[in-house]
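Heads up, the thing below is written out as structure tokens.
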Amino acid sequence: MSSLLMPKVDNAIMSKKDKIASDLRGIINSKNVLSNPDELRPFETDGLTAYRQMPLLVVMPETVEEVSQILKYCNENKVKVVPRGAGTGLSGGSMPLEDCVLMAMGKFNKIIEIDYENRCVVTQPCVTNLAITHAVQDKGFYYAPDPSSQIACSIGGNVAENSGGVHSLKYGATTNNLLGIQVVLMDGTVTKFGGKAMDAEGYDFLGLMTGSEGLLGVITEVTVKILKSPEVVKAALVGFPSIEDAGNCVAEIIAEGCIPAGMEIMDKALTKATNDYSKAGYPTDAEAMMIVEFDGTEHEVEAYIQKTKEIAEKNNSSSLKISKSNEERLKFWAGRKAAFPACGVLAPDYMCMDGSIPRGKLAEVLNEISRLSKKYNLPVANAFHAGDGNLHPLIMFDANDKESLRKCEEFGADILKYCVKVGGALTGEHGVGIEKRELMCEAFNDKDIQQQLTIKVALDPNSLLNPGKVYPILRKCAEEGRVHVHGGKTKFPDIPRF
Amino acid sequence: MSMEEKQNSQTSLDFNQNIFKPTSREEIVEIVKTCYRKNIPLEINGLKSKNKIGRNFQSEKTLDLSDFKGIIDYKPEELYIKVKAGTPLKEIIEELDKNNQQLAFEPNDFGYLFSGQSNSGSIGGVVSCNFAGSRRFKVGSVRDHILGFQGINGKGETIKSGGTVVKNVTGYDLSKLVSGSFGTLTILTELSIKVLPKPETSKTLIIKNPHLKKALDFLGKALSSSTDPSGGVFYPDYFGKDFVLNDLTHDGGLTAIRIEGPTNSVDQRANRLSKELGLLDQELSILDSEQSNIFWSRTKNLEVFKSLKSNLLRIVLPMSETLQVIQKLKNFEIKYFIDWGGGLIWASFDQLNTKILSEIKDTVKKHQGYITLIKVEEDLKASADIFTIDPIKYKISEKIKRSFDPKRIFNPGKMYTGI
């Protein structure tokens, strides 16, 4: 593991491992408490595999009452808890701490109710994103947010991270498609925020919890909106001789008042890698490739596709292909959705960054990334949710080489700092987790962060729920009340601290 | 703020006045810091279009943000506008109009209800109340369009959350939390709001039908259809005459469903929807874009309740429960209409007292909904709960309130006692 700094290990807790395990076995079925290293190993990392840490124990509750009792016990005994869904998160949000109880929610894997009258699905949190669509598609419905990991990621994790996807330009991210959640707070309180109605009374706790990265509560039930599938969906695959042309085309499509269902750009490196991997039929000679998708009625989609064609030609497109069938459309997407494994072929490891930028800054930011790639001597491939300005540079490196990992981290930090500099955000959809924690001061000042920490303390006074995530550790913060420095070694050491 | 600015603002603040009308953030900071130090509660107002909503509370001073206005930055191609919180909504809409863009959440204009004429208020007020119009089920509420904000917390500290980009999960999403908090958490200073292109055209299917059950059936089918409607309301017989238009001579109960988008698509979808609903020609009128806009504007403005003398309740509930709740409410003298395709009831009550109110609350709660008292007679207002809440959420709300406003100086008690 690199120089990642985590909250100080509580030795008193470490020494009481057996007692804690035995107490927890008194609360839930004893076979659902894992304590030996072989059993704990699968939980040592999430989708951010460069960082690993074995937890003290793993618990796998089966009911909301069990979740409540475990949290109450841990709160009273000052044991840290890290919640985990499917473990596909890309920012290390569910990476364990050495002295934590990892709460694996995998047994909450059932859909509770499909309610077509209110057009919603009530489900347990560890049902996968795609399973919700699968459960309702025979009636012509679907769940809109579609993160690339939708086959594996859990809906509870989607709520915790406020996941997006390629269609969030038109349909919003998780927060815009959620009606209600049941949550257990660190003190064991079970409550519901929202329900099947469109709004809820009082403060918008549903909005606060969504994207709070497991720091405020453990989600035990989720109610999502489902939508009727559009009549026609068509996509265009467009090649451009330069990133600038692709960027201008995106800006013009939006300016024309078209809101595509999805609009993606890949640079030449990624176009080639994904095409080699998935044989998607991409224009591999183009400097940039755009997939733009429209949905709606036949007339509507035709009109938009025609307009896109005109705008693309005006912006020097070198090739343009319109999907003639649903199969062909899915083939267009197959390459994009396989961006990660395709990069896996090119290098031993890759780190997927997740900055958000104003759409108009695409060319500028990509040029900067290309400059940094040369500076750090690490190859990079870029995918971009162009419609909503969400950039995913994939930095290729070798995690077994410490120097390579260090360079990758610095490269990533430089990209994100640049995103903030041009008016964007550190993370569009992957969350802050441990990965971008120390960069929070690029986006927020001390008062902003203090306000957020005060909310954390209000709901979790002992800071036991997923500590060490999201907020910088190297500062005197209300949450920790102390500063940890391990021999001056930190992640992103050149970043100004509080 | 530089030291010099700080000194200037400190010296310019006359704390003897009861109404502060700041024009800069620095002045607001100074006012709040003084109130924090002296434990002085503040009532926060924008253009007062909705300030009658909420509980009565004691405040020594008033912060009037109507002069704290202006568009800071509008980037049509980036689909956002950044404004000062006191900016009139009207001014923002006019600016967006120039670029054929809009705030898709269609905020209600409460001016007609409270004063008989339009007053759509300030953007800060719109966000603080989080009341969205008829597109709610399609585009979300006000809170879904707030990309970021800057505000002053109860200690006088300037805080921000979010930004100007659509995709942003950096830290807690405080934009959601302050939306609908009725000025009890922060004083909003700047808001970045998502804007969207205006639909090319709009058509409204008017189904002449006085029966609620049938109306809810139409609305349910329409909202579950791939024709993608963007509005669905039901007005009973007594409101029919309010909607007589050139193409609508019918003056009885009606169900209205709006379809928006590119012209050829709207025609196609409107035709298909009327077929899907099995409508006969004589049951149906179709409003063209202009008249459709008039219809939905009247709905957004709650014009059927213009200068209402009696009480008005806003009831949000799952669509499946609406029929049963209305049937129970009919035990009282009510006039109502349904918005959000069935998920929202606006109901006026001629006779309302604490006993009736508590009965209504129980009914709505049993049906998984909640009510907000929008307009209520003064004697009842003193004793009634304007907003409902359960004890667990009250406890959490108290903690959240303290985390923003530890001395409870912002609109104390406006939402709940003790908050």
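Quick note on naming: the chains in the structure tokens go A, B, ... in the order shown, residues restart at 1 in each chain, and ligands are numbered from 1 in order of appearance.
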
* When the cut-off is 7 Å and we count only C-alpha atoms, which residues of chain A are near chain B, given as an NGL selection string? -> :A and (117-118 or 162 or 176 or 196-199 or 201-205 or 207-208 or 211-212 or 228-231 or 251 or 254-255 or 257 or 297 or 299-300 or 356-359 or 388 or 390 or 424-429 or 431-432 or 447-448 or 452 or 454-455 or 458 or 470)

* Using DSSP on the backbone coordinates, identify the residues of range 216-386 of chain B assigned to strand (DSSP E or B); present them as a ChimeraX atom specification. => /B:231-235,245,248,254-261,284-287,311-316,334-339,344-349,370-375

* Which polymer residues have any atom within 8 Å of an atom of Pro472 in chain A, counting only C-alpha atoms, with same-chain residues fewer than 2 positions away left out, as a list of chain:residue names? ->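 Using only C-alpha atoms, the neighbours found are A:Arg437, A:Glu438, A:Leu439, A:Met440, A:Cys441, A:Gly468, A:Lys469, A:Val470, A:Leu474, A:Arg475.
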
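Between Val292 in chain A and the residues A:Cys343, A:Val122, A:Ala386, A:Val365, the shortest atom-to-atom distance, using only C-alpha atoms, involves A:Ala386.
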
* Asked: Leaving out Ser15 in chain A and any residue of its chain fewer than 5 positions from it, which residues lie within 10 Å of it when counting only C-alpha atoms, given as a list in words?
  -> Asp10, Ile20 and Asp99 of chain A

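Proximity of A:Met289, A:Ala381, A:Leu362, A:Ala399 to Leu346 in chain A, computed with only C-alpha atoms, is greatest for A:Ala381.
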
* Nearest to Ala342 in chain A, chosen from A:Ile473, A:Ile114, A:Leu5, A:Ala269, with only C-alpha atoms counted in the distances -> A:Ala269

Those in range 167-306 of chain B with alpha helix (DSSP H) from DSSP, as an mmCIF file with N, CA and C atoms, in the first residue's frame:
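Result went into out35.cif, see below:
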data_model
loop_
_atom_site.group_PDB
_atom_site.id
_atom_site.type_symbol
_atom_site.label_atom_id
_atom_site.label_comp_id
_atom_site.auth_asym_id
_atom_site.auth_seq_id
_atom_site.Cartn_x
_atom_site.Cartn_y
_atom_site.Cartn_z
ATOM 1 N N LEU B 174 -25.364 19.701 0.221
ATOM 2 C CA LEU B 174 -26.107 20.631 1.080
ATOM 3 C C LEU B 174 -27.140 21.452 0.307
ATOM 4 N N SER B 175 -26.986 21.499 -1.024
ATOM 5 C CA SER B 175 -27.984 22.221 -1.831
ATOM 6 C C SER B 175 -29.364 21.616 -1.611
ATOM 7 N N LYS B 176 -29.404 20.283 -1.445
ATOM 8 C CA LYS B 176 -30.687 19.623 -1.212
ATOM 9 C C LYS B 176 -31.219 20.027 0.164
ATOM 10 N N LEU B 177 -30.326 20.003 1.138
ATOM 11 C CA LEU B 177 -30.753 20.259 2.516
ATOM 12 C C LEU B 177 -31.304 21.678 2.689
ATOM 13 N N VAL B 178 -30.693 22.664 2.053
ATOM 14 C CA VAL B 178 -31.191 24.035 2.228
ATOM 15 C C VAL B 178 -32.458 24.282 1.406
ATOM 16 N N LEU B 212 -63.502 12.069 -10.578
ATOM 17 C CA LEU B 212 -62.132 11.933 -10.088
ATOM 18 C C LEU B 212 -61.542 10.559 -10.408
ATOM 19 N N LYS B 213 -62.335 9.528 -10.171
ATOM 20 C CA LYS B 213 -61.808 8.176 -10.345
ATOM 21 C C LYS B 213 -61.333 7.965 -11.782
ATOM 22 N N LYS B 214 -62.170 8.409 -12.706
ATOM 23 C CA LYS B 214 -61.831 8.270 -14.114
ATOM 24 C C LYS B 214 -60.602 9.130 -14.452
ATOM 25 N N ALA B 215 -60.582 10.330 -13.865
ATOM 26 C CA ALA B 215 -59.455 11.241 -14.114
ATOM 27 C C ALA B 215 -58.145 10.612 -13.664
ATOM 28 N N LEU B 216 -58.158 10.013 -12.461
ATOM 29 C CA LEU B 216 -56.920 9.412 -11.942
ATOM 30 C C LEU B 216 -56.492 8.229 -12.806
ATOM 31 N N ASP B 217 -57.498 7.562 -13.356
ATOM 32 C CA ASP B 217 -57.205 6.461 -14.256
ATOM 33 C C ASP B 217 -56.505 6.984 -15.527
ATOM 34 N N PHE B 218 -57.046 8.054 -16.088
ATOM 35 C CA PHE B 218 -56.415 8.670 -17.271
ATOM 36 C C PHE B 218 -54.983 9.106 -16.947
ATOM 37 N N LEU B 219 -54.840 9.777 -15.805
ATOM 38 C CA LEU B 219 -53.520 10.316 -15.448
ATOM 39 C C LEU B 219 -52.506 9.187 -15.221
ATOM 40 N N GLY B 220 -52.962 8.145 -14.527
ATOM 41 C CA GLY B 220 -52.087 7.004 -14.260
ATOM 42 C C GLY B 220 -51.604 6.376 -15.562
ATOM 43 N N LYS B 221 -52.543 6.183 -16.483
ATOM 44 C CA LYS B 221 -52.172 5.575 -17.775
ATOM 45 C C LYS B 221 -51.222 6.496 -18.543
ATOM 46 N N ALA B 222 -51.517 7.789 -18.516
ATOM 47 C CA ALA B 222 -50.679 8.735 -19.267
ATOM 48 C C ALA B 222 -49.256 8.747 -18.719
ATOM 49 N N LEU B 223 -49.134 8.758 -17.396
ATOM 50 C CA LEU B 223 -47.794 8.824 -16.795
ATOM 51 C C LEU B 223 -47.024 7.515 -16.974
ATOM 52 N N ASP B 237 -65.780 19.941 -11.488
ATOM 53 C CA ASP B 237 -66.781 20.796 -12.154
ATOM 54 C C ASP B 237 -66.703 22.272 -11.785
ATOM 55 N N TYR B 238 -66.607 22.519 -10.437
ATOM 56 C CA TYR B 238 -66.701 23.922 -9.996
ATOM 57 C C TYR B 238 -65.553 24.795 -10.472
ATOM 58 N N PHE B 239 -64.467 24.207 -10.980
ATOM 59 C CA PHE B 239 -63.362 25.032 -11.482
ATOM 60 C C PHE B 239 -63.334 25.112 -13.010
ATOM 61 N N GLY B 240 -64.231 24.335 -13.665
ATOM 62 C CA GLY B 240 -64.199 24.261 -15.121
ATOM 63 C C GLY B 240 -64.286 25.624 -15.791
ATOM 64 N N THR B 263 -42.072 19.835 -32.546
ATOM 65 C CA THR B 263 -43.451 19.877 -33.047
ATOM 66 C C THR B 263 -43.957 18.534 -33.581
ATOM 67 N N ASN B 264 -43.181 17.908 -34.481
ATOM 68 C CA ASN B 264 -43.700 16.672 -35.082
ATOM 69 C C ASN B 264 -43.870 15.567 -34.039
ATOM 70 N N SER B 265 -42.980 15.576 -33.056
ATOM 71 C CA SER B 265 -43.069 14.558 -32.014
ATOM 72 C C SER B 265 -44.278 14.802 -31.120
ATOM 73 N N VAL B 266 -44.557 16.070 -30.819
ATOM 74 C CA VAL B 266 -45.695 16.404 -29.951
ATOM 75 C C VAL B 266 -46.995 15.961 -30.616
ATOM 76 N N ASP B 267 -47.126 16.231 -31.920
ATOM 77 C CA ASP B 267 -48.337 15.810 -32.642
ATOM 78 C C ASP B 267 -48.510 14.295 -32.558
ATOM 79 N N GLN B 268 -47.401 13.616 -32.845
ATOM 80 C CA GLN B 268 -47.442 12.147 -32.850
ATOM 81 C C GLN B 268 -47.809 11.589 -31.470
ATOM 82 N N ARG B 269 -47.183 12.152 -30.443
ATOM 83 C CA ARG B 269 -47.431 11.637 -29.089
ATOM 84 C C ARG B 269 -48.848 11.972 -28.615
ATOM 85 N N ALA B 270 -49.308 13.185 -28.944
ATOM 86 C CA ALA B 270 -50.663 13.578 -28.517
ATOM 87 C C ALA B 270 -51.698 12.645 -29.147
ATOM 88 N N ASN B 271 -51.510 12.356 -30.429
ATOM 89 C CA ASN B 271 -52.437 11.436 -31.103
ATOM 90 C C ASN B 271 -52.403 10.066 -30.463
ATOM 91 N N ARG B 272 -51.181 9.611 -30.222
ATOM 92 C CA ARG B 272 -51.070 8.266 -29.666
ATOM 93 C C ARG B 272 -51.671 8.182 -28.274
ATOM 94 N N LEU B 273 -51.412 9.217 -27.475
ATOM 95 C CA LEU B 273 -51.949 9.192 -26.109
ATOM 96 C C LEU B 273 -53.477 9.172 -26.123
ATOM 97 N N SER B 274 -54.089 9.961 -27.009
ATOM 98 C CA SER B 274 -55.554 9.965 -27.008
ATOM 99 C C SER B 274 -56.083 8.593 -27.430
ATOM 100 N N LYS B 275 -55.350 7.902 -28.308
ATOM 101 C CA LYS B 275 -55.755 6.530 -28.685
ATOM 102 C C LYS B 275 -55.560 5.583 -27.504
ATOM 103 N N GLU B 276 -54.399 5.693 -26.862
ATOM 104 C CA GLU B 276 -54.120 4.804 -25.722
ATOM 105 C C GLU B 276 -55.166 4.957 -24.621
ATOM 106 N N SER B 289 -50.136 25.390 -28.597
ATOM 107 C CA SER B 289 -49.064 25.832 -27.726
ATOM 108 C C SER B 289 -49.439 27.060 -26.892
ATOM 109 N N GLU B 290 -49.983 28.069 -27.543
ATOM 110 C CA GLU B 290 -50.272 29.325 -26.842
ATOM 111 C C GLU B 290 -51.301 29.132 -25.733
ATOM 112 N N GLN B 291 -52.402 28.440 -26.089
ATOM 113 C CA GLN B 291 -53.448 28.233 -25.087
ATOM 114 C C GLN B 291 -53.025 27.228 -24.026
ATOM 115 N N SER B 292 -52.220 26.286 -24.461
ATOM 116 C CA SER B 292 -51.669 25.329 -23.509
ATOM 117 C C SER B 292 -50.844 26.077 -22.457
ATOM 118 N N ASN B 293 -50.025 27.022 -22.917
ATOM 119 C CA ASN B 293 -49.212 27.790 -21.974
ATOM 120 C C ASN B 293 -50.077 28.590 -21.004
ATOM 121 N N ILE B 294 -51.182 29.141 -21.504
ATOM 122 C CA ILE B 294 -52.082 29.894 -20.614
ATOM 123 C C ILE B 294 -52.663 28.954 -19.553
ATOM 124 N N PHE B 295 -53.080 27.784 -20.017
ATOM 125 C CA PHE B 295 -53.683 26.807 -19.089
ATOM 126 C C PHE B 295 -52.710 26.457 -17.948
ATOM 127 N N TRP B 296 -51.478 26.134 -18.324
ATOM 128 C CA TRP B 296 -50.534 25.671 -17.298
ATOM 129 C C TRP B 296 -50.021 26.805 -16.438
ATOM 130 N N SER B 297 -50.027 28.003 -17.006
ATOM 131 C CA SER B 297 -49.643 29.149 -16.212
ATOM 132 C C SER B 297 -50.701 29.410 -15.132
ATOM 133 N N ARG B 298 -51.978 29.269 -15.489
ATOM 134 C CA ARG B 298 -53.040 29.427 -14.490
ATOM 135 C C ARG B 298 -52.932 28.363 -13.396
ATOM 136 N N THR B 299 -52.522 27.179 -13.799
ATOM 137 C CA THR B 299 -52.365 26.105 -12.818
ATOM 138 C C THR B 299 -51.199 26.418 -11.877
ATOM 139 N N LYS B 300 -50.091 26.799 -12.470
ATOM 140 C CA LYS B 300 -48.883 27.132 -11.685
ATOM 141 C C LYS B 300 -49.156 28.286 -10.718
#

* To do: Give me the residues within 10 Å of range 123-127 of chain B as a PyMOL selection string, counting only C-alpha atoms and dropping any in the same chain fewer than 3 places off.
  => chain B and resi 44-51+65-66+69+83-92+107-109+120+130-132+141-143+145-146+175-176+178-183+187-191+193

Serialized selection, N, CA and C atoms, as a compact mmCIF listing (two decimals), in the first residue's frame:
# COMPACT_ATOMS: atom_id res chain seq x y z
N ILE B 44 -36.12 36.32 7.99
CA ILE B 44 -35.46 36.50 6.69
C ILE B 44 -36.51 36.57 5.59
N ASN B 45 -36.48 37.64 4.81
CA ASN B 45 -37.45 37.83 3.74
C ASN B 45 -36.80 38.12 2.40
N GLY B 46 -37.48 37.68 1.33
CA GLY B 46 -37.09 38.08 -0.01
C GLY B 46 -38.09 39.10 -0.50
N LEU B 47 -38.99 38.66 -1.39
CA LEU B 47 -40.01 39.57 -1.90
C LEU B 47 -41.38 39.32 -1.25
N LYS B 48 -41.36 38.57 -0.18
CA LYS B 48 -42.54 38.35 0.68
C LYS B 48 -43.73 37.73 -0.04
N SER B 49 -43.48 37.00 -1.12
CA SER B 49 -44.62 36.38 -1.80
C SER B 49 -45.10 35.16 -1.04
N LYS B 50 -44.24 34.58 -0.22
CA LYS B 50 -44.60 33.35 0.49
C LYS B 50 -44.35 33.48 2.00
N ASN B 51 -44.11 34.70 2.48
CA ASN B 51 -43.72 34.81 3.88
C ASN B 51 -44.85 34.52 4.86
N LEU B 65 -33.95 40.86 1.95
CA LEU B 65 -32.92 40.62 0.93
C LEU B 65 -33.32 41.14 -0.46
N SER B 66 -34.39 41.96 -0.51
CA SER B 66 -34.89 42.36 -1.83
C SER B 66 -33.91 43.25 -2.61
N LYS B 69 -29.64 41.62 -5.05
CA LYS B 69 -30.11 40.97 -6.27
C LYS B 69 -29.15 41.17 -7.43
N VAL B 83 -27.02 33.43 -9.66
CA VAL B 83 -27.69 34.68 -9.27
C VAL B 83 -27.57 34.95 -7.78
N LYS B 84 -27.76 36.22 -7.41
CA LYS B 84 -27.87 36.54 -5.99
C LYS B 84 -29.26 36.12 -5.53
N ALA B 85 -29.36 35.74 -4.26
CA ALA B 85 -30.59 35.10 -3.78
C ALA B 85 -31.81 36.00 -3.81
N GLY B 86 -31.61 37.32 -3.70
CA GLY B 86 -32.78 38.21 -3.69
C GLY B 86 -33.30 38.55 -5.08
N THR B 87 -32.67 38.02 -6.12
CA THR B 87 -33.10 38.34 -7.49
C THR B 87 -34.54 37.89 -7.73
N PRO B 88 -35.37 38.79 -8.26
CA PRO B 88 -36.76 38.36 -8.55
C PRO B 88 -36.77 37.23 -9.58
N LEU B 89 -37.61 36.26 -9.34
CA LEU B 89 -37.74 35.13 -10.26
C LEU B 89 -38.08 35.64 -11.66
N LYS B 90 -38.94 36.66 -11.70
CA LYS B 90 -39.39 37.23 -12.96
C LYS B 90 -38.20 37.69 -13.80
N GLU B 91 -37.26 38.33 -13.15
CA GLU B 91 -36.08 38.84 -13.86
C GLU B 91 -35.26 37.68 -14.44
N ILE B 92 -35.16 36.62 -13.69
CA ILE B 92 -34.40 35.45 -14.16
C ILE B 92 -35.10 34.83 -15.37
N PRO B 107 -41.87 26.96 -10.95
CA PRO B 107 -42.28 27.29 -9.58
C PRO B 107 -43.65 27.96 -9.51
N ASN B 108 -44.39 27.66 -8.45
CA ASN B 108 -45.71 28.28 -8.24
C ASN B 108 -45.56 29.77 -8.00
N ASP B 109 -46.56 30.52 -8.43
CA ASP B 109 -46.64 31.95 -8.12
C ASP B 109 -47.72 32.10 -7.05
N SER B 120 -44.17 36.36 -8.05
CA SER B 120 -43.51 35.05 -8.04
C SER B 120 -42.30 35.04 -7.11
N ASN B 130 -39.10 25.26 -1.92
CA ASN B 130 -39.05 24.03 -2.71
C ASN B 130 -40.42 23.54 -3.17
N PHE B 131 -41.26 24.45 -3.64
CA PHE B 131 -42.56 24.05 -4.20
C PHE B 131 -42.44 24.04 -5.72
N ALA B 132 -42.57 22.88 -6.31
CA ALA B 132 -42.42 22.78 -7.77
C ALA B 132 -43.78 22.66 -8.44
N SER B 141 -38.06 18.33 -8.54
CA SER B 141 -38.49 19.51 -7.82
C SER B 141 -37.45 20.63 -7.97
N VAL B 142 -37.67 21.73 -7.27
CA VAL B 142 -36.71 22.83 -7.31
C VAL B 142 -35.33 22.30 -6.93
N ARG B 143 -35.29 21.51 -5.85
CA ARG B 143 -34.02 21.01 -5.32
C ARG B 143 -33.20 20.22 -6.33
N HIS B 145 -32.69 21.03 -9.28
CA HIS B 145 -32.08 21.94 -10.24
C HIS B 145 -31.07 22.88 -9.61
N ILE B 146 -30.83 22.71 -8.32
CA ILE B 146 -29.86 23.58 -7.65
C ILE B 146 -28.48 22.91 -7.73
N SER B 175 -26.99 21.50 -1.02
CA SER B 175 -27.98 22.22 -1.83
C SER B 175 -29.36 21.62 -1.61
N LYS B 176 -29.40 20.28 -1.44
CA LYS B 176 -30.69 19.62 -1.21
C LYS B 176 -31.22 20.03 0.16
N VAL B 178 -30.69 22.66 2.05
CA VAL B 178 -31.19 24.04 2.23
C VAL B 178 -32.46 24.28 1.41
N SER B 179 -32.68 23.48 0.35
CA SER B 179 -33.91 23.64 -0.43
C SER B 179 -35.08 23.16 0.44
N GLY B 180 -36.06 23.98 0.61
CA GLY B 180 -37.20 23.59 1.44
C GLY B 180 -36.96 23.73 2.93
N SER B 181 -35.91 24.47 3.32
CA SER B 181 -35.65 24.62 4.76
C SER B 181 -36.22 25.93 5.29
N PHE B 182 -36.95 26.66 4.46
CA PHE B 182 -37.67 27.87 4.87
C PHE B 182 -36.79 28.86 5.64
N GLY B 183 -35.58 28.97 5.19
CA GLY B 183 -34.68 29.97 5.78
C GLY B 183 -34.26 29.67 7.20
N ILE B 187 -28.72 31.73 5.45
CA ILE B 187 -29.21 32.81 4.60
C ILE B 187 -28.56 32.58 3.25
N LEU B 188 -29.36 32.26 2.26
CA LEU B 188 -28.80 32.02 0.93
C LEU B 188 -28.29 33.34 0.36
N THR B 189 -27.10 33.32 -0.22
CA THR B 189 -26.60 34.54 -0.86
C THR B 189 -26.48 34.36 -2.38
N GLU B 190 -25.92 33.22 -2.79
CA GLU B 190 -25.80 32.98 -4.23
C GLU B 190 -26.34 31.59 -4.57
N LEU B 191 -26.96 31.49 -5.73
CA LEU B 191 -27.49 30.20 -6.16
C LEU B 191 -27.07 29.93 -7.60
N ILE B 193 -28.08 27.61 -10.67
CA ILE B 193 -29.27 26.83 -11.01
C ILE B 193 -29.15 26.28 -12.43

* **Non-local contacts of Leu372 in chain A (10 Å; only C-alpha atoms; under 4 positions in same chain excluded) as a list in words** => Leu366, Asn367, Glu368, Tyr376, Asn377, Leu378, Pro379, Val380, Glu410, Phe411, Gly412, Asp414 and Ile415 of chain A

* Do you know which residues are at most 9 Å from range 302-314 of chain A counting only C-alpha atoms, after dropping those on the same chain fewer than 3 positions away, and could you put them as number ranges by chain? -> A: 234-236, 238-240, 245-246, 249-250, 252-253, 256, 258, 260, 292-294, 297-299, 317-320, 322; B: 262, 264-265

* Separation of CA of Asp362 in chain B and CA of Pro391 in chain B, in Å? -> 14.9 Å

* What does the distance between CA of Pro61 in chain A and CA of Leu102 in chain A come to in Å, to one decimal place? ->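 Spanning CA of Pro61 in chain A to CA of Leu102 in chain A is a straight-line distance of 10.7 Å.
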